[in-house]
Amino acid sequence: MTLEQVALRCSPPTTAQTIGRLETGTRTVSVAWLNRIAAALEVAPADLVTLPDRAALPVAATLDANGAHALRQPQTLVPPQPASGGIALVVTGSIADYRSGDQLWCDLRPPAAFALALNRDVLVPLPAGRFLFARLIGIDGDALLLLPLTPGARPTSVAAPPWLAQATRLIRTL
C-alpha cells in the first residue's frame, strides 16, 4: 500500500505526509496512532512493533528457482502470531495438500464476509456439533456450495451457516 492509501484508510483519514513522518520517526508514534494505522492495514497493533518476547529470525539468504542467494540488505522475520478471535485445526491424517501434524490457523468470518473466502479452504459448522472442511466454490443466497477435499467428492450445499473459518496460515514442521 502507498502512504496515501494508508492515510485514507485511517479513521479519521489523515495525510500521506503524516503517515510518512510517523514511519520515518520524524513524528512520535503514540498508541492512538499505532491503533489507527493497524486498523487501516487490517493487522494487530502488535504486528507493527517488535515485542521483546517475540524473537526475530535473521534471514540468511533468499531462495528461488536458480538457487540460494546472498541478501543485499540485512533482513529479519518475526514469527507469526495468531489473530485474536481466530481458531485452529490440527490435521491428524493426511488429506489433499495437508499432512498429518499440520496446523491450520483460521480467521472467523460472519455471513456478510463469506465472499472473502471464495475459492479458499474453510471450516463450516453443521448441525449436531459436526463440521465440514472444504473448498468454498460458490454462494447462492444464504447457502454455501462447498467441495470436500476427498478425491471424487461431490459438491455439498450448507444452508445459512452462522459463521465460517477461512484457513489463512499453514504451520508445518519439516
# chains A, B, ... in the order shown; residues from 1 in each chain; ligands from 1
$ select_by_dssp --residues "stretch 13-148 of chain A" --states "strand (DSSP E)" --output "ChimeraX atom specification"
/A:57-58,62-64,67-69,76-77,87-90,103-109,121-126,130-140,143-148
$ closest_residue --among "A:Pro74, A:Ala60, A:Cys10, A:Leu170" --to "A:Ala38" --atoms "only C-alpha atoms"
A:Cys10
$ select_by_dssp --residues "stretch 9-171 of chain A" --states "alpha helix (DSSP H)" --output "list in words"
Arg9, Ala16, Gln17, Thr18, Ile19, Gly20, Arg21, Leu22, Glu23, Thr24, Val31, Ala32, Trp33, Leu34, Asn35, Arg36, Ile37, Ala38, Ala39, Ala40 and Leu41 of chain A
$ residues_around --residues "stretch 103-110 of chain A" --least-positions-apart "2" --cutoff "6 Å" --atoms "only C-alpha atoms" --output "list in words"
Gly86, Ile87, Ala88, Leu89, Val90, Ala112, Ala113, Trp163, Leu164, Ala165, Gln166, Ala167, Thr168, Arg169, Leu170 and Ile171 of chain A
$ atom_distance --atom1 "atom CA of A:Pro148" --atom2 "atom CA of A:Ala134"
4.3 Å
$ closest_residue --among "A:Val43, A:Leu71, A:Leu77, A:Leu147" --to "A:Leu57" --atoms "only C-alpha atoms"
A:Leu77
$ closest_residue --among "A:Val6, A:Leu149, A:Ala65, A:Leu48" --to "A:Ile95" --atoms "only C-alpha atoms"
A:Leu149
$ atom_distance --atom1 "atom CA of A:Ser94" --atom2 "atom CA of A:Thr173"
13.9 Å
$ residues_around --residues "A:Ala44" --least-positions-apart "5" --cutoff "9 Å" --atoms "only C-alpha atoms" --output "JSON list (two decimals) with C-alpha atoms, in the first residue's frame"
[["chain", "number", "residue", "atom", "x", "y", "z"],
["A", 35, "ASN", "CA", -4.06, 1.61, 16.66],
["A", 38, "ALA", "CA", -3.06, -1.07, 12.43],
["A", 39, "ALA", "CA", -6.81, -0.78, 11.75],
["A", 83, "ALA", "CA", -5.04, -13.17, 15.23],
["A", 84, "SER", "CA", -7.36, -12.63, 18.14]]
$ atom_distance --atom1 "atom CA of A:Asp47" --atom2 "atom CA of A:Val31"
13.1 Å
$ residues_around --residues "A:Ala160" --least-positions-apart "6" --cutoff "8 Å" --atoms "only C-alpha atoms" --output "MDAnalysis selection string"
chainID A and resid 142:144
$ residues_around --residues "A:Ser11" --least-positions-apart "4" --cutoff "9 Å" --atoms "only C-alpha atoms" --output "list of chain:residue names"
A:Ala7, A:Arg36, A:Ile37, A:Ala39, A:Ala40
$ write_last_selection --atoms "all heavy atoms" --output "PDB file, in the first residue's frame"
ATOM      1  N   ALA A   7      -3.137   6.413   4.588  1.00  0.00           N
ATOM      2  CA  ALA A   7      -3.703   7.638   5.168  1.00  0.00           C
ATOM      3  C   ALA A   7      -5.212   7.700   4.978  1.00  0.00           C
ATOM      4  O   ALA A   7      -5.952   8.054   5.899  1.00  0.00           O
ATOM      5  CB  ALA A   7      -3.036   8.861   4.544  1.00  0.00           C
ATOM      6  N   ARG A  36      -4.682   3.314  15.012  1.00  0.00           N
ATOM      7  CA  ARG A  36      -5.296   3.790  13.758  1.00  0.00           C
ATOM      8  C   ARG A  36      -4.639   3.153  12.536  1.00  0.00           C
ATOM      9  O   ARG A  36      -5.311   2.718  11.601  1.00  0.00           O
ATOM     10  CB  ARG A  36      -5.187   5.307  13.657  1.00  0.00           C
ATOM     11  CG  ARG A  36      -6.173   6.051  14.541  1.00  0.00           C
ATOM     12  CD  ARG A  36      -5.956   7.546  14.491  1.00  0.00           C
ATOM     13  NE  ARG A  36      -6.288   8.123  13.188  1.00  0.00           N
ATOM     14  CZ  ARG A  36      -6.067   9.394  12.884  1.00  0.00           C
ATOM     15  NH1 ARG A  36      -5.511  10.212  13.759  1.00  0.00           N
ATOM     16  NH2 ARG A  36      -6.400   9.848  11.693  1.00  0.00           N
ATOM     17  N   ILE A  37      -3.307   3.121  12.543  1.00  0.00           N
ATOM     18  CA  ILE A  37      -2.593   2.565  11.393  1.00  0.00           C
ATOM     19  C   ILE A  37      -2.814   1.060  11.307  1.00  0.00           C
ATOM     20  O   ILE A  37      -3.017   0.513  10.218  1.00  0.00           O
ATOM     21  CB  ILE A  37      -1.092   2.920  11.478  1.00  0.00           C
ATOM     22  CG1 ILE A  37      -0.919   4.433  11.322  1.00  0.00           C
ATOM     23  CG2 ILE A  37      -0.294   2.167  10.431  1.00  0.00           C
ATOM     24  CD1 ILE A  37       0.466   4.943  11.643  1.00  0.00           C
ATOM     25  N   ALA A  39      -5.450  -0.582  12.276  1.00  0.00           N
ATOM     26  CA  ALA A  39      -6.808  -0.783  11.751  1.00  0.00           C
ATOM     27  C   ALA A  39      -6.836  -0.531  10.247  1.00  0.00           C
ATOM     28  O   ALA A  39      -7.481  -1.270   9.494  1.00  0.00           O
ATOM     29  CB  ALA A  39      -7.793   0.139  12.470  1.00  0.00           C
ATOM     30  N   ALA A  40      -6.118   0.478   9.774  1.00  0.00           N
ATOM     31  CA  ALA A  40      -6.072   0.776   8.341  1.00  0.00           C
ATOM     32  C   ALA A  40      -5.426  -0.357   7.555  1.00  0.00           C
ATOM     33  O   ALA A  40      -5.816  -0.648   6.431  1.00  0.00           O
ATOM     34  CB  ALA A  40      -5.320   2.081   8.101  1.00  0.00           C
TER      35      ALA A  40
END
$ closest_residue --among "A:Val78, A:Leu34, A:Val29, A:Ile19" --to "A:Val59" --atoms "only C-alpha atoms"
A:Val78
$ closest_residue --among "A:Pro80, A:Gly138, A:Pro151, A:Gly101" --to "A:Arg120" --atoms "only C-alpha atoms"
A:Gly138
$ decode --residues "stretch 112-127 of chain A" --atoms "all heavy atoms" --output "compact mmCIF listing (two decimals), in the first residue's frame"
# COMPACT_ATOMS: atom_id res chain seq x y z
N ALA A 112 -21.82 -11.93 6.32
CA ALA A 112 -21.60 -10.78 5.42
C ALA A 112 -20.22 -10.81 4.77
O ALA A 112 -20.01 -10.17 3.74
CB ALA A 112 -21.77 -9.47 6.20
N ALA A 113 -19.28 -11.57 5.33
CA ALA A 113 -17.91 -11.62 4.79
C ALA A 113 -17.59 -12.97 4.15
O ALA A 113 -16.43 -13.25 3.85
CB ALA A 113 -16.92 -11.32 5.91
N PHE A 114 -18.59 -13.82 3.93
CA PHE A 114 -18.33 -15.13 3.32
C PHE A 114 -17.67 -15.01 1.95
O PHE A 114 -16.83 -15.83 1.59
CB PHE A 114 -19.62 -15.94 3.19
CG PHE A 114 -20.12 -16.53 4.49
CD1 PHE A 114 -21.33 -17.22 4.51
CD2 PHE A 114 -19.41 -16.41 5.68
CE1 PHE A 114 -21.80 -17.78 5.69
CE2 PHE A 114 -19.89 -16.96 6.87
CZ PHE A 114 -21.08 -17.65 6.86
N ALA A 115 -18.03 -14.01 1.17
CA ALA A 115 -17.48 -13.87 -0.19
C ALA A 115 -15.96 -13.71 -0.17
O ALA A 115 -15.29 -14.06 -1.14
CB ALA A 115 -18.13 -12.70 -0.91
N LEU A 116 -15.40 -13.21 0.93
CA LEU A 116 -13.94 -13.06 1.04
C LEU A 116 -13.23 -14.41 1.04
O LEU A 116 -12.02 -14.48 0.81
CB LEU A 116 -13.57 -12.30 2.31
CG LEU A 116 -14.06 -10.85 2.39
CD1 LEU A 116 -13.79 -10.28 3.77
CD2 LEU A 116 -13.42 -10.00 1.31
N ALA A 117 -13.97 -15.48 1.31
CA ALA A 117 -13.38 -16.81 1.41
C ALA A 117 -13.62 -17.66 0.16
O ALA A 117 -13.30 -18.85 0.16
CB ALA A 117 -13.92 -17.53 2.64
N LEU A 118 -14.17 -17.08 -0.90
CA LEU A 118 -14.40 -17.86 -2.12
C LEU A 118 -13.09 -18.45 -2.64
O LEU A 118 -12.05 -17.80 -2.63
CB LEU A 118 -15.03 -16.98 -3.20
CG LEU A 118 -16.55 -16.88 -3.14
CD1 LEU A 118 -17.04 -15.79 -4.08
CD2 LEU A 118 -17.20 -18.21 -3.46
N ASN A 119 -13.16 -19.70 -3.06
CA ASN A 119 -12.02 -20.46 -3.58
C ASN A 119 -10.93 -20.69 -2.54
O ASN A 119 -9.76 -20.87 -2.88
CB ASN A 119 -11.44 -19.80 -4.84
CG ASN A 119 -12.45 -19.79 -5.95
OD1 ASN A 119 -13.13 -20.79 -6.20
ND2 ASN A 119 -12.60 -18.66 -6.60
N ARG A 120 -11.30 -20.65 -1.28
CA ARG A 120 -10.37 -20.92 -0.17
C ARG A 120 -10.91 -22.09 0.63
O ARG A 120 -12.11 -22.39 0.61
CB ARG A 120 -10.24 -19.69 0.73
CG ARG A 120 -9.75 -18.42 0.05
CD ARG A 120 -8.29 -18.46 -0.38
NE ARG A 120 -7.36 -18.66 0.69
CZ ARG A 120 -6.82 -17.71 1.43
NH1 ARG A 120 -7.12 -16.45 1.21
NH2 ARG A 120 -5.96 -18.01 2.39
N ASP A 121 -10.04 -22.75 1.39
CA ASP A 121 -10.46 -23.84 2.27
C ASP A 121 -11.06 -23.24 3.53
O ASP A 121 -10.50 -22.30 4.11
CB ASP A 121 -9.27 -24.73 2.61
CG ASP A 121 -8.76 -25.49 1.40
OD1 ASP A 121 -9.50 -25.61 0.41
OD2 ASP A 121 -7.62 -25.99 1.45
N VAL A 122 -12.22 -23.78 3.92
CA VAL A 122 -12.96 -23.24 5.06
C VAL A 122 -13.49 -24.37 5.94
O VAL A 122 -13.73 -25.48 5.48
CB VAL A 122 -14.13 -22.34 4.61
CG1 VAL A 122 -13.64 -21.13 3.84
CG2 VAL A 122 -15.16 -23.12 3.80
N LEU A 123 -13.70 -24.04 7.21
CA LEU A 123 -14.38 -24.93 8.15
C LEU A 123 -15.76 -24.33 8.38
O LEU A 123 -15.89 -23.15 8.67
CB LEU A 123 -13.61 -24.98 9.48
CG LEU A 123 -14.24 -25.85 10.57
CD1 LEU A 123 -14.10 -27.33 10.21
CD2 LEU A 123 -13.59 -25.56 11.91
N VAL A 124 -16.80 -25.17 8.21
CA VAL A 124 -18.18 -24.71 8.35
C VAL A 124 -18.86 -25.57 9.40
O VAL A 124 -18.77 -26.81 9.34
CB VAL A 124 -18.93 -24.81 7.00
CG1 VAL A 124 -20.37 -24.37 7.13
CG2 VAL A 124 -18.22 -23.99 5.93
N PRO A 125 -19.57 -24.94 10.35
CA PRO A 125 -20.29 -25.74 11.34
C PRO A 125 -21.54 -26.36 10.72
O PRO A 125 -22.21 -25.76 9.89
CB PRO A 125 -20.67 -24.71 12.42
CG PRO A 125 -20.75 -23.41 11.68
CD PRO A 125 -19.72 -23.50 10.58
N LEU A 126 -21.82 -27.59 11.14
CA LEU A 126 -23.02 -28.32 10.71
C LEU A 126 -23.86 -28.63 11.95
O LEU A 126 -23.37 -28.51 13.07
CB LEU A 126 -22.62 -29.62 10.01
CG LEU A 126 -21.75 -29.50 8.75
CD1 LEU A 126 -21.32 -30.88 8.27
CD2 LEU A 126 -22.48 -28.75 7.66
N PRO A 127 -25.10 -29.04 11.77
CA PRO A 127 -25.93 -29.39 12.93
C PRO A 127 -25.31 -30.52 13.76
O PRO A 127 -24.48 -31.29 13.28
CB PRO A 127 -27.24 -29.86 12.28
CG PRO A 127 -27.27 -29.21 10.94
CD PRO A 127 -25.83 -29.13 10.50
